[in-house]
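Here's the structure, in structure tokens; my notes come after.
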Amino acid sequence: MLENIRLALRGIITHKMRSFLTMLGVIIGIASIIGIVSIVQGTNARLEKSLIGAGNNVVTVALSENGANYDLSNLPSGVPVVSDEAMERINKLSGVSSASTYRQRDSWAAQVYNGKYTLSNGKIVGASKNLFETLQYKVIKGRDFTDEELQNGAKSVILDMKAVESLFDDDPIGQVIEIKSEPFVVVGIVKDMNAADQEYESINDYYNASYTGGSSVYIPENSWPIIFQYDEPQSVAIHVEQTNRMVFIGRRAARILNQAVGNESVQYASLSSEDSENSMKTLTDSIQLMLIGIASLSLLVGGIGVMNIMLVSVTERTAEIGLKKALGAKYRTIMYQFLTESAVLTSMGGIIGVILGIVMARIIAYAANLDFGISIPWIIISVLFSIFIGVIFGGWPALRAAKLNPIDALRCE
């Protein structure tokens, strides 16, 4: 085998231009495949980061109707408060680091005042004990809600930085704001520690980053009846250790919560953009397979080129083949020699194609502001496939060489 590889490399070096032109179809085909896969891998990684959890691995499970948030202007029947037993089951799910209930109203920021200042957009959130921990938020000034405030429903409020910038010109801690004409004392300022890394690709990103868009105003969950209806449904935020477990855990949590819901028209659902993420990945994977199929046509052309050049090589080396057979070379020896030459030729094309494909994908990703990712399995598959092309298309020339009659082969000289 090593001798056959050495002979193959010597032949490639001897006929450099012919060998390169023969490999060209394989190089183009493999480079196209690697380039396509690299761009799609980068796109999928970006989707995973931006569409699932927006960088903080938080799944939101909320009441929904026909796949959208339920309109809280009309309270649904048969939806009880989330029980401690249900939360305990959710917290015990494999991969869940923490979970917390909350209530939320969107587009109510216009009813939050501080004198002449009003929030232009955002949301009001009724927070339970460990909500900030679940969301990976940090109180950067002031303090968190005390257990007493959470239990008794105190008129305390925590703001995010956007709300602070909209409502105050000075230090907000200890000052009073109005929420729906009710006074609340500002006790802290909170910040999302992952906010700087978040990316948003579609309107559905709102669901998986529901705590980062616009201004956010947090009050104790038990203070909710002071400004809104007492029996409004709760939602659940779940922090998941691994991003690839988010879809599964979101669905499991929704199933647990729905066991207590006695209303078939509204159900809890994971609103973490898993449908968008899955549909986008399905689309990109389908496009990837289609483009790989098109790129594979150049491999077919390259394979035909390899077969053609190997037939020429057999013709040029007829006397050599006849001499080897006259000296006792067996059928399989000649067969293996030409198959090895063909496989080495295409494998070299495959390796060059992989390098060229990575470089090409890098350039395209940089020029088009796309993400880039290297798939080791696809690189291995591409090189192996190029060897396979060499074996398949080099089979007929090798068979033809092996079947030559030594006497006739020597006479051609």
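By convention in this document, the chains of the structure tokens carry letters A, B, ... by their order, each chain's residues are numbered from 1, and ligands are numbered from 1 in the order they are shown.
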Which of segment 214-247 of chain A counts as strand (DSSP E) under DSSP, as a compact mmCIF listing (two decimals) with C-alpha atoms, in the first residue's frame please?
```txt
# COMPACT_ATOMS: atom_id res chain seq x y z
CA SER A 215 -38.33 49.73 30.48
CA SER A 216 -39.05 47.30 33.29
CA VAL A 217 -40.73 48.10 36.60
CA TYR A 218 -40.77 45.36 39.26
CA ILE A 219 -43.10 45.20 42.25
CA PRO A 220 -43.65 42.34 44.73
CA SER A 235 -46.24 32.87 34.35
CA VAL A 236 -43.07 30.95 35.10
CA ALA A 237 -39.47 31.86 34.24
CA ILE A 238 -37.01 28.96 34.15
CA HIS A 239 -33.24 29.22 33.98
CA VAL A 240 -31.77 26.23 32.14
```
Using DSSP assignments from the backbone, pull out every residue in segment 78-326 of chain A that falls under alpha helix (DSSP H) and give it to me as a PDB file with N, CA and C atoms, in the first residue's frame.
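Below is the file selection04.pdb, written as the result:
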```pdb
ATOM      1  N   ASP A  84     -47.352  25.379  44.745  1.00  0.00           N
ATOM      2  CA  ASP A  84     -45.993  25.084  45.203  1.00  0.00           C
ATOM      3  C   ASP A  84     -45.544  23.712  44.701  1.00  0.00           C
ATOM      4  N   GLU A  85     -46.502  22.771  44.611  1.00  0.00           N
ATOM      5  CA  GLU A  85     -46.188  21.423  44.141  1.00  0.00           C
ATOM      6  C   GLU A  85     -45.733  21.443  42.685  1.00  0.00           C
ATOM      7  N   ALA A  86     -46.412  22.265  41.862  1.00  0.00           N
ATOM      8  CA  ALA A  86     -46.023  22.374  40.449  1.00  0.00           C
ATOM      9  C   ALA A  86     -44.634  22.997  40.318  1.00  0.00           C
ATOM     10  N   MET A  87     -44.357  24.037  41.114  1.00  0.00           N
ATOM     11  CA  MET A  87     -43.042  24.673  41.059  1.00  0.00           C
ATOM     12  C   MET A  87     -41.946  23.725  41.536  1.00  0.00           C
ATOM     13  N   GLU A  88     -42.270  22.906  42.526  1.00  0.00           N
ATOM     14  CA  GLU A  88     -41.294  21.933  43.008  1.00  0.00           C
ATOM     15  C   GLU A  88     -40.963  20.917  41.925  1.00  0.00           C
ATOM     16  N   ARG A  89     -41.969  20.474  41.170  1.00  0.00           N
ATOM     17  CA  ARG A  89     -41.738  19.525  40.077  1.00  0.00           C
ATOM     18  C   ARG A  89     -40.900  20.161  38.968  1.00  0.00           C
ATOM     19  N   ILE A  90     -41.169  21.426  38.667  1.00  0.00           N
ATOM     20  CA  ILE A  90     -40.408  22.112  37.627  1.00  0.00           C
ATOM     21  C   ILE A  90     -38.950  22.269  38.053  1.00  0.00           C
ATOM     22  N   ASN A  91     -38.734  22.637  39.310  1.00  0.00           N
ATOM     23  CA  ASN A  91     -37.372  22.820  39.807  1.00  0.00           C
ATOM     24  C   ASN A  91     -36.583  21.522  39.815  1.00  0.00           C
ATOM     25  N   LEU A 131     -36.916  35.640  41.483  1.00  0.00           N
ATOM     26  CA  LEU A 131     -37.044  35.972  40.057  1.00  0.00           C
ATOM     27  C   LEU A 131     -35.739  36.523  39.487  1.00  0.00           C
ATOM     28  N   PHE A 132     -35.107  37.447  40.199  1.00  0.00           N
ATOM     29  CA  PHE A 132     -33.880  38.051  39.682  1.00  0.00           C
ATOM     30  C   PHE A 132     -32.762  37.024  39.547  1.00  0.00           C
ATOM     31  N   GLU A 133     -32.706  36.093  40.477  1.00  0.00           N
ATOM     32  CA  GLU A 133     -31.723  35.019  40.375  1.00  0.00           C
ATOM     33  C   GLU A 133     -31.973  34.170  39.136  1.00  0.00           C
ATOM     34  N   THR A 134     -33.238  33.850  38.881  1.00  0.00           N
ATOM     35  CA  THR A 134     -33.596  33.039  37.717  1.00  0.00           C
ATOM     36  C   THR A 134     -33.236  33.746  36.418  1.00  0.00           C
ATOM     37  N   LEU A 135     -33.485  35.055  36.373  1.00  0.00           N
ATOM     38  CA  LEU A 135     -33.229  35.827  35.152  1.00  0.00           C
ATOM     39  C   LEU A 135     -31.761  36.222  35.000  1.00  0.00           C
ATOM     40  N   ASP A 147     -38.084  39.681  52.360  1.00  0.00           N
ATOM     41  CA  ASP A 147     -39.110  38.633  52.488  1.00  0.00           C
ATOM     42  C   ASP A 147     -40.424  39.214  52.983  1.00  0.00           C
ATOM     43  N   GLU A 148     -40.332  40.179  53.866  1.00  0.00           N
ATOM     44  CA  GLU A 148     -41.546  40.804  54.395  1.00  0.00           C
ATOM     45  C   GLU A 148     -42.293  41.562  53.312  1.00  0.00           C
ATOM     46  N   GLU A 149     -41.562  42.285  52.464  1.00  0.00           N
ATOM     47  CA  GLU A 149     -42.202  43.031  51.370  1.00  0.00           C
ATOM     48  C   GLU A 149     -42.876  42.073  50.390  1.00  0.00           C
ATOM     49  N   LEU A 150     -42.191  40.977  50.092  1.00  0.00           N
ATOM     50  CA  LEU A 150     -42.765  39.995  49.168  1.00  0.00           C
ATOM     51  C   LEU A 150     -44.004  39.334  49.773  1.00  0.00           C
ATOM     52  N   GLN A 151     -43.944  39.040  51.059  1.00  0.00           N
ATOM     53  CA  GLN A 151     -45.043  38.335  51.713  1.00  0.00           C
ATOM     54  C   GLN A 151     -46.266  39.243  51.897  1.00  0.00           C
ATOM     55  N   ASN A 152     -46.039  40.477  52.307  1.00  0.00           N
ATOM     56  CA  ASN A 152     -47.145  41.366  52.656  1.00  0.00           C
ATOM     57  C   ASN A 152     -47.596  42.248  51.514  1.00  0.00           C
ATOM     58  N   MET A 161     -32.386  50.079  34.377  1.00  0.00           N
ATOM     59  CA  MET A 161     -31.700  51.317  34.028  1.00  0.00           C
ATOM     60  C   MET A 161     -32.491  52.171  33.045  1.00  0.00           C
ATOM     61  N   LYS A 162     -33.215  51.519  32.137  1.00  0.00           N
ATOM     62  CA  LYS A 162     -34.003  52.290  31.168  1.00  0.00           C
ATOM     63  C   LYS A 162     -35.113  53.061  31.860  1.00  0.00           C
ATOM     64  N   ALA A 163     -35.748  52.423  32.844  1.00  0.00           N
ATOM     65  CA  ALA A 163     -36.803  53.106  33.596  1.00  0.00           C
ATOM     66  C   ALA A 163     -36.226  54.262  34.402  1.00  0.00           C
ATOM     67  N   VAL A 164     -35.043  54.058  35.000  1.00  0.00           N
ATOM     68  CA  VAL A 164     -34.388  55.116  35.772  1.00  0.00           C
ATOM     69  C   VAL A 164     -34.086  56.314  34.886  1.00  0.00           C
ATOM     70  N   GLU A 165     -33.545  56.048  33.689  1.00  0.00           N
ATOM     71  CA  GLU A 165     -33.207  57.135  32.774  1.00  0.00           C
ATOM     72  C   GLU A 165     -34.435  57.909  32.321  1.00  0.00           C
ATOM     73  N   SER A 166     -35.579  57.228  32.232  1.00  0.00           N
ATOM     74  CA  SER A 166     -36.807  57.890  31.777  1.00  0.00           C
ATOM     75  C   SER A 166     -37.487  58.685  32.878  1.00  0.00           C
ATOM     76  N   LEU A 167     -37.334  58.262  34.128  1.00  0.00           N
ATOM     77  CA  LEU A 167     -38.115  58.850  35.222  1.00  0.00           C
ATOM     78  C   LEU A 167     -37.332  59.798  36.117  1.00  0.00           C
ATOM     79  N   ASP A 205     -38.358  37.502  19.224  1.00  0.00           N
ATOM     80  CA  ASP A 205     -37.332  37.603  20.255  1.00  0.00           C
ATOM     81  C   ASP A 205     -37.895  38.209  21.538  1.00  0.00           C
ATOM     82  N   TYR A 206     -38.994  38.940  21.394  1.00  0.00           N
ATOM     83  CA  TYR A 206     -39.607  39.535  22.588  1.00  0.00           C
ATOM     84  C   TYR A 206     -39.927  38.466  23.625  1.00  0.00           C
ATOM     85  N   TYR A 207     -40.401  37.306  23.154  1.00  0.00           N
ATOM     86  CA  TYR A 207     -40.830  36.277  24.092  1.00  0.00           C
ATOM     87  C   TYR A 207     -39.653  35.666  24.841  1.00  0.00           C
ATOM     88  N   ASN A 208     -38.544  35.432  24.128  1.00  0.00           N
ATOM     89  CA  ASN A 208     -37.426  34.815  24.815  1.00  0.00           C
ATOM     90  C   ASN A 208     -36.544  35.825  25.528  1.00  0.00           C
ATOM     91  N   TRP A 224     -49.526  42.894  43.449  1.00  0.00           N
ATOM     92  CA  TRP A 224     -50.221  42.974  42.162  1.00  0.00           C
ATOM     93  C   TRP A 224     -51.677  43.442  42.293  1.00  0.00           C
ATOM     94  N   PRO A 225     -52.457  42.942  43.271  1.00  0.00           N
ATOM     95  CA  PRO A 225     -53.868  43.365  43.367  1.00  0.00           C
ATOM     96  C   PRO A 225     -54.050  44.850  43.678  1.00  0.00           C
ATOM     97  N   ILE A 226     -52.993  45.516  44.122  1.00  0.00           N
ATOM     98  CA  ILE A 226     -53.124  46.950  44.402  1.00  0.00           C
ATOM     99  C   ILE A 226     -53.417  47.733  43.133  1.00  0.00           C
ATOM    100  N   ILE A 227     -52.845  47.289  42.024  1.00  0.00           N
ATOM    101  CA  ILE A 227     -53.015  48.043  40.769  1.00  0.00           C
ATOM    102  C   ILE A 227     -53.712  47.237  39.668  1.00  0.00           C
ATOM    103  N   MET A 246     -33.375  23.726  26.463  1.00  0.00           N
ATOM    104  CA  MET A 246     -34.416  24.710  26.736  1.00  0.00           C
ATOM    105  C   MET A 246     -35.776  24.329  26.157  1.00  0.00           C
ATOM    106  N   VAL A 247     -35.776  23.876  24.915  1.00  0.00           N
ATOM    107  CA  VAL A 247     -37.035  23.507  24.271  1.00  0.00           C
ATOM    108  C   VAL A 247     -37.705  22.371  25.036  1.00  0.00           C
ATOM    109  N   PHE A 248     -36.930  21.348  25.372  1.00  0.00           N
ATOM    110  CA  PHE A 248     -37.474  20.187  26.087  1.00  0.00           C
ATOM    111  C   PHE A 248     -38.023  20.590  27.451  1.00  0.00           C
ATOM    112  N   ILE A 249     -37.242  21.362  28.209  1.00  0.00           N
ATOM    113  CA  ILE A 249     -37.666  21.753  29.552  1.00  0.00           C
ATOM    114  C   ILE A 249     -38.875  22.683  29.493  1.00  0.00           C
ATOM    115  N   GLY A 250     -38.909  23.580  28.517  1.00  0.00           N
ATOM    116  CA  GLY A 250     -40.067  24.467  28.373  1.00  0.00           C
ATOM    117  C   GLY A 250     -41.349  23.686  28.150  1.00  0.00           C
ATOM    118  N   ARG A 251     -41.276  22.676  27.318  1.00  0.00           N
ATOM    119  CA  ARG A 251     -42.469  21.864  27.040  1.00  0.00           C
ATOM    120  C   ARG A 251     -42.870  21.021  28.247  1.00  0.00           C
ATOM    121  N   ARG A 252     -41.869  20.478  28.958  1.00  0.00           N
ATOM    122  CA  ARG A 252     -42.176  19.691  30.157  1.00  0.00           C
ATOM    123  C   ARG A 252     -42.840  20.559  31.226  1.00  0.00           C
ATOM    124  N   ALA A 253     -42.313  21.773  31.418  1.00  0.00           N
ATOM    125  CA  ALA A 253     -42.880  22.687  32.406  1.00  0.00           C
ATOM    126  C   ALA A 253     -44.310  23.081  32.038  1.00  0.00           C
ATOM    127  N   ALA A 254     -44.543  23.352  30.750  1.00  0.00           N
ATOM    128  CA  ALA A 254     -45.899  23.697  30.302  1.00  0.00           C
ATOM    129  C   ALA A 254     -46.855  22.540  30.549  1.00  0.00           C
ATOM    130  N   ARG A 255     -46.390  21.306  30.332  1.00  0.00           N
ATOM    131  CA  ARG A 255     -47.230  20.129  30.568  1.00  0.00           C
ATOM    132  C   ARG A 255     -47.588  20.013  32.054  1.00  0.00           C
ATOM    133  N   ILE A 256     -46.634  20.302  32.925  1.00  0.00           N
ATOM    134  CA  ILE A 256     -46.888  20.246  34.368  1.00  0.00           C
ATOM    135  C   ILE A 256     -47.928  21.292  34.769  1.00  0.00           C
ATOM    136  N   LEU A 257     -47.786  22.511  34.273  1.00  0.00           N
ATOM    137  CA  LEU A 257     -48.715  23.589  34.625  1.00  0.00           C
ATOM    138  C   LEU A 257     -50.110  23.335  34.070  1.00  0.00           C
ATOM    139  N   ASN A 258     -50.195  22.740  32.880  1.00  0.00           N
ATOM    140  CA  ASN A 258     -51.493  22.506  32.246  1.00  0.00           C
ATOM    141  C   ASN A 258     -52.316  21.417  32.949  1.00  0.00           C
ATOM    142  N   GLU A 274     -39.067  28.746  20.641  1.00  0.00           N
ATOM    143  CA  GLU A 274     -38.578  27.465  20.152  1.00  0.00           C
ATOM    144  C   GLU A 274     -39.143  27.161  18.772  1.00  0.00           C
ATOM    145  N   ASP A 275     -40.395  27.574  18.497  1.00  0.00           N
ATOM    146  CA  ASP A 275     -40.974  27.316  17.175  1.00  0.00           C
ATOM    147  C   ASP A 275     -40.208  28.074  16.106  1.00  0.00           C
ATOM    148  N   SER A 276     -39.873  29.342  16.393  1.00  0.00           N
ATOM    149  CA  SER A 276     -39.105  30.129  15.429  1.00  0.00           C
ATOM    150  C   SER A 276     -37.736  29.512  15.213  1.00  0.00           C
ATOM    151  N   GLU A 277     -37.099  29.135  16.327  1.00  0.00           N
ATOM    152  CA  GLU A 277     -35.763  28.549  16.232  1.00  0.00           C
ATOM    153  C   GLU A 277     -35.782  27.250  15.455  1.00  0.00           C
ATOM    154  N   ASN A 278     -36.763  26.387  15.779  1.00  0.00           N
ATOM    155  CA  ASN A 278     -36.831  25.091  15.094  1.00  0.00           C
ATOM    156  C   ASN A 278     -37.152  25.253  13.620  1.00  0.00           C
ATOM    157  N   SER A 279     -38.104  26.150  13.312  1.00  0.00           N
ATOM    158  CA  SER A 279     -38.486  26.340  11.909  1.00  0.00           C
ATOM    159  C   SER A 279     -37.337  26.958  11.120  1.00  0.00           C
ATOM    160  N   MET A 280     -36.613  27.892  11.747  1.00  0.00           N
ATOM    161  CA  MET A 280     -35.480  28.495  11.061  1.00  0.00           C
ATOM    162  C   MET A 280     -34.364  27.486  10.839  1.00  0.00           C
ATOM    163  N   LYS A 281     -34.116  26.635  11.841  1.00  0.00           N
ATOM    164  CA  LYS A 281     -33.086  25.611  11.676  1.00  0.00           C
ATOM    165  C   LYS A 281     -33.493  24.607  10.605  1.00  0.00           C
ATOM    166  N   THR A 282     -34.780  24.237  10.589  1.00  0.00           N
ATOM    167  CA  THR A 282     -35.267  23.325   9.560  1.00  0.00           C
ATOM    168  C   THR A 282     -35.074  23.929   8.181  1.00  0.00           C
ATOM    169  N   LEU A 283     -35.378  25.236   8.077  1.00  0.00           N
ATOM    170  CA  LEU A 283     -35.219  25.933   6.796  1.00  0.00           C
ATOM    171  C   LEU A 283     -33.758  25.975   6.377  1.00  0.00           C
ATOM    172  N   THR A 284     -32.865  26.369   7.310  1.00  0.00           N
ATOM    173  CA  THR A 284     -31.449  26.458   6.953  1.00  0.00           C
ATOM    174  C   THR A 284     -30.863  25.091   6.639  1.00  0.00           C
ATOM    175  N   ASP A 285     -31.301  24.066   7.368  1.00  0.00           N
ATOM    176  CA  ASP A 285     -30.813  22.710   7.084  1.00  0.00           C
ATOM    177  C   ASP A 285     -31.285  22.231   5.714  1.00  0.00           C
ATOM    178  N   SER A 286     -32.533  22.577   5.356  1.00  0.00           N
ATOM    179  CA  SER A 286     -33.061  22.197   4.039  1.00  0.00           C
ATOM    180  C   SER A 286     -32.298  22.901   2.932  1.00  0.00           C
ATOM    181  N   ILE A 287     -32.037  24.195   3.144  1.00  0.00           N
ATOM    182  CA  ILE A 287     -31.255  24.950   2.162  1.00  0.00           C
ATOM    183  C   ILE A 287     -29.855  24.369   2.043  1.00  0.00           C
ATOM    184  N   GLN A 288     -29.275  23.988   3.192  1.00  0.00           N
ATOM    185  CA  GLN A 288     -27.939  23.398   3.189  1.00  0.00           C
ATOM    186  C   GLN A 288     -27.906  22.128   2.353  1.00  0.00           C
ATOM    187  N   LEU A 289     -28.886  21.236   2.560  1.00  0.00           N
ATOM    188  CA  LEU A 289     -28.913  19.981   1.804  1.00  0.00           C
ATOM    189  C   LEU A 289     -29.107  20.234   0.315  1.00  0.00           C
ATOM    190  N   MET A 290     -29.959  21.216  -0.008  1.00  0.00           N
ATOM    191  CA  MET A 290     -30.203  21.531  -1.421  1.00  0.00           C
ATOM    192  C   MET A 290     -28.927  22.050  -2.076  1.00  0.00           C
ATOM    193  N   LEU A 291     -28.239  22.976  -1.396  1.00  0.00           N
ATOM    194  CA  LEU A 291     -27.020  23.542  -1.961  1.00  0.00           C
ATOM    195  C   LEU A 291     -25.904  22.508  -2.038  1.00  0.00           C
ATOM    196  N   ILE A 292     -25.843  21.623  -1.047  1.00  0.00           N
ATOM    197  CA  ILE A 292     -24.845  20.547  -1.088  1.00  0.00           C
ATOM    198  C   ILE A 292     -25.116  19.628  -2.275  1.00  0.00           C
ATOM    199  N   GLY A 293     -26.405  19.366  -2.544  1.00  0.00           N
ATOM    200  CA  GLY A 293     -26.768  18.553  -3.707  1.00  0.00           C
ATOM    201  C   GLY A 293     -26.307  19.183  -5.001  1.00  0.00           C
ATOM    202  N   ILE A 294     -26.476  20.522  -5.091  1.00  0.00           N
ATOM    203  CA  ILE A 294     -26.027  21.227  -6.296  1.00  0.00           C
ATOM    204  C   ILE A 294     -24.506  21.187  -6.402  1.00  0.00           C
ATOM    205  N   ALA A 295     -23.842  21.432  -5.255  1.00  0.00           N
ATOM    206  CA  ALA A 295     -22.372  21.423  -5.258  1.00  0.00           C
ATOM    207  C   ALA A 295     -21.825  20.042  -5.597  1.00  0.00           C
ATOM    208  N   SER A 296     -22.565  19.010  -5.245  1.00  0.00           N
ATOM    209  CA  SER A 296     -22.111  17.638  -5.514  1.00  0.00           C
ATOM    210  C   SER A 296     -22.034  17.341  -7.011  1.00  0.00           C
ATOM    211  N   LEU A 297     -22.745  18.116  -7.818  1.00  0.00           N
ATOM    212  CA  LEU A 297     -22.669  17.918  -9.274  1.00  0.00           C
ATOM    213  C   LEU A 297     -21.243  18.145  -9.774  1.00  0.00           C
ATOM    214  N   SER A 298     -20.556  19.115  -9.148  1.00  0.00           N
ATOM    215  CA  SER A 298     -19.175  19.352  -9.563  1.00  0.00           C
ATOM    216  C   SER A 298     -18.289  18.179  -9.163  1.00  0.00           C
ATOM    217  N   LEU A 299     -18.651  17.466  -8.079  1.00  0.00           N
ATOM    218  CA  LEU A 299     -17.917  16.255  -7.716  1.00  0.00           C
ATOM    219  C   LEU A 299     -18.117  15.170  -8.767  1.00  0.00           C
ATOM    220  N   LEU A 300     -19.339  15.099  -9.304  1.00  0.00           N
ATOM    221  CA  LEU A 300     -19.609  14.144 -10.377  1.00  0.00           C
ATOM    222  C   LEU A 300     -18.758  14.456 -11.596  1.00  0.00           C
ATOM    223  N   VAL A 301     -18.688  15.751 -11.941  1.00  0.00           N
ATOM    224  CA  VAL A 301     -17.848  16.171 -13.058  1.00  0.00           C
ATOM    225  C   VAL A 301     -16.379  15.850 -12.765  1.00  0.00           C
ATOM    226  N   GLY A 302     -15.962  16.119 -11.510  1.00  0.00           N
ATOM    227  CA  GLY A 302     -14.590  15.813 -11.115  1.00  0.00           C
ATOM    228  C   GLY A 302     -14.306  14.328 -11.186  1.00  0.00           C
ATOM    229  N   GLY A 303     -15.285  13.511 -10.800  1.00  0.00           N
ATOM    230  CA  GLY A 303     -15.130  12.056 -10.874  1.00  0.00           C
ATOM    231  C   GLY A 303     -14.964  11.576 -12.296  1.00  0.00           C
ATOM    232  N   ILE A 304     -15.729  12.163 -13.206  1.00  0.00           N
ATOM    233  CA  ILE A 304     -15.602  11.799 -14.627  1.00  0.00           C
ATOM    234  C   ILE A 304     -14.214  12.196 -15.148  1.00  0.00           C
ATOM    235  N   GLY A 305     -13.728  13.363 -14.686  1.00  0.00           N
ATOM    236  CA  GLY A 305     -12.389  13.796 -15.077  1.00  0.00           C
ATOM    237  C   GLY A 305     -11.320  12.839 -14.574  1.00  0.00           C
ATOM    238  N   VAL A 306     -11.496  12.348 -13.354  1.00  0.00           N
ATOM    239  CA  VAL A 306     -10.545  11.386 -12.788  1.00  0.00           C
ATOM    240  C   VAL A 306     -10.563  10.100 -13.602  1.00  0.00           C
ATOM    241  N   MET A 307     -11.750   9.626 -13.937  1.00  0.00           N
ATOM    242  CA  MET A 307     -11.862   8.403 -14.723  1.00  0.00           C
ATOM    243  C   MET A 307     -11.185   8.583 -16.090  1.00  0.00           C
ATOM    244  N   ASN A 308     -11.365   9.736 -16.680  1.00  0.00           N
ATOM    245  CA  ASN A 308     -10.781   9.997 -17.993  1.00  0.00           C
ATOM    246  C   ASN A 308      -9.255   9.997 -17.926  1.00  0.00           C
ATOM    247  N   ILE A 309      -8.706  10.697 -16.908  1.00  0.00           N
ATOM    248  CA  ILE A 309      -7.248  10.784 -16.826  1.00  0.00           C
ATOM    249  C   ILE A 309      -6.639   9.445 -16.453  1.00  0.00           C
ATOM    250  N   MET A 310      -7.359   8.636 -15.684  1.00  0.00           N
ATOM    251  CA  MET A 310      -6.841   7.316 -15.329  1.00  0.00           C
ATOM    252  C   MET A 310      -6.856   6.384 -16.535  1.00  0.00           C
ATOM    253  N   LEU A 311      -7.848   6.534 -17.401  1.00  0.00           N
ATOM    254  CA  LEU A 311      -7.862   5.752 -18.647  1.00  0.00           C
ATOM    255  C   LEU A 311      -6.678   6.140 -19.530  1.00  0.00           C
ATOM    256  N   VAL A 312      -6.371   7.437 -19.580  1.00  0.00           N
ATOM    257  CA  VAL A 312      -5.203   7.901 -20.333  1.00  0.00           C
ATOM    258  C   VAL A 312      -3.931   7.317 -19.729  1.00  0.00           C
ATOM    259  N   SER A 313      -3.883   7.298 -18.378  1.00  0.00           N
ATOM    260  CA  SER A 313      -2.702   6.766 -17.687  1.00  0.00           C
ATOM    261  C   SER A 313      -2.509   5.284 -17.991  1.00  0.00           C
ATOM    262  N   VAL A 314      -3.623   4.538 -18.030  1.00  0.00           N
ATOM    263  CA  VAL A 314      -3.540   3.107 -18.355  1.00  0.00           C
ATOM    264  C   VAL A 314      -2.984   2.922 -19.764  1.00  0.00           C
ATOM    265  N   THR A 315      -3.471   3.750 -20.684  1.00  0.00           N
ATOM    266  CA  THR A 315      -3.005   3.652 -22.075  1.00  0.00           C
ATOM    267  C   THR A 315      -1.512   3.976 -22.168  1.00  0.00           C
ATOM    268  N   GLU A 316      -1.089   5.035 -21.459  1.00  0.00           N
ATOM    269  CA  GLU A 316       0.314   5.442 -21.512  1.00  0.00           C
ATOM    270  C   GLU A 316       1.229   4.396 -20.878  1.00  0.00           C
ATOM    271  N   THR A 318       0.741   1.012 -20.670  1.00  0.00           N
ATOM    272  CA  THR A 318       0.404  -0.354 -21.064  1.00  0.00           C
ATOM    273  C   THR A 318       1.624  -1.274 -21.003  1.00  0.00           C
ATOM    274  N   ALA A 319       2.751  -0.790 -21.520  1.00  0.00           N
ATOM    275  CA  ALA A 319       3.964  -1.618 -21.527  1.00  0.00           C
ATOM    276  C   ALA A 319       4.430  -1.912 -20.096  1.00  0.00           C
ATOM    277  N   GLU A 320       4.352  -0.893 -19.244  1.00  0.00           N
ATOM    278  CA  GLU A 320       4.747  -1.076 -17.831  1.00  0.00           C
ATOM    279  C   GLU A 320       3.870  -2.130 -17.170  1.00  0.00           C
ATOM    280  N   ILE A 321       2.565  -2.063 -17.464  1.00  0.00           N
ATOM    281  CA  ILE A 321       1.631  -3.031 -16.888  1.00  0.00           C
ATOM    282  C   ILE A 321       1.943  -4.443 -17.393  1.00  0.00           C
ATOM    283  N   GLY A 322       2.217  -4.550 -18.707  1.00  0.00           N
ATOM    284  CA  GLY A 322       2.561  -5.844 -19.300  1.00  0.00           C
ATOM    285  C   GLY A 322       3.817  -6.431 -18.677  1.00  0.00           C
ATOM    286  N   LEU A 323       4.830  -5.577 -18.447  1.00  0.00           N
ATOM    287  CA  LEU A 323       6.080  -6.042 -17.837  1.00  0.00           C
ATOM    288  C   LEU A 323       5.852  -6.549 -16.413  1.00  0.00           C
ATOM    289  N   LYS A 324       5.057  -5.802 -15.649  1.00  0.00           N
ATOM    290  CA  LYS A 324       4.770  -6.217 -14.268  1.00  0.00           C
ATOM    291  C   LYS A 324       4.035  -7.551 -14.233  1.00  0.00           C
ATOM    292  N   LYS A 325       3.079  -7.710 -15.140  1.00  0.00           N
ATOM    293  CA  LYS A 325       2.315  -8.969 -15.166  1.00  0.00           C
ATOM    294  C   LYS A 325       3.194 -10.123 -15.631  1.00  0.00           C
ATOM    295  N   ALA A 326       4.131  -9.833 -16.567  1.00  0.00           N
ATOM    296  CA  ALA A 326       5.045 -10.876 -17.044  1.00  0.00           C
ATOM    297  C   ALA A 326       5.997 -11.319 -15.943  1.00  0.00           C
TER     298      ALA A 326
END
```
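Here the question is which of A:Phe168, A:Tyr268, A:Tyr113, A:Phe228 gets nearest to Ser181 of chain A using only C-alpha atoms, and that residue is A:Tyr113.
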* Tell me which of A:Arg245, A:Arg362, A:Arg400, A:Lys330 sits closest to Gly42 of chain A, counting only C-alpha atoms. =>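 Smallest separation from Gly42 of chain A among the options: A:Arg362.
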* To do: Choose the residue, out of A:Ile374, A:Ala260, A:Thr43, A:Leu75, that has the smallest atom-to-atom separation from Ile355 of chain A; count only C-alpha atoms.
  =>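 Closest candidate: A:Ile374.
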* **Two-atom distance - atom CA of Lys129 of chain A, atom CA of Val176 of chain A (Å)** =>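 Here the two named atoms are 22.3 Å from each other.
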* To do: Find the spatial neighbours of Phe388 of chain A, counting only C-alpha atoms, within a cut-off of 12 Å - ignore same-chain residues fewer than 2 positions away - and output them as an NGL selection string.
  => :A and (26 or 299-300 or 303 or 306 or 339-340 or 342-347 or 350 or 381-386 or 390-395)
* Straight-line distance linking atom CA of Ser100 of chain A with atom CA of Val112 of chain A, stated in Å to one decimal -> 24.6 Å
* **From A:Lys16, A:Glu264, A:Gly153, A:Gly142, residue lying nearest Val187 of chain A [only C-alpha atoms]** =>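 Answer, going by the shortest atom-to-atom distance: A:Gly142.
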* In Å, rounded to a single decimal, give me how far atom CA of Ile189 of chain A is from atom CA of Ile177 of chain A. => 13.7 Å
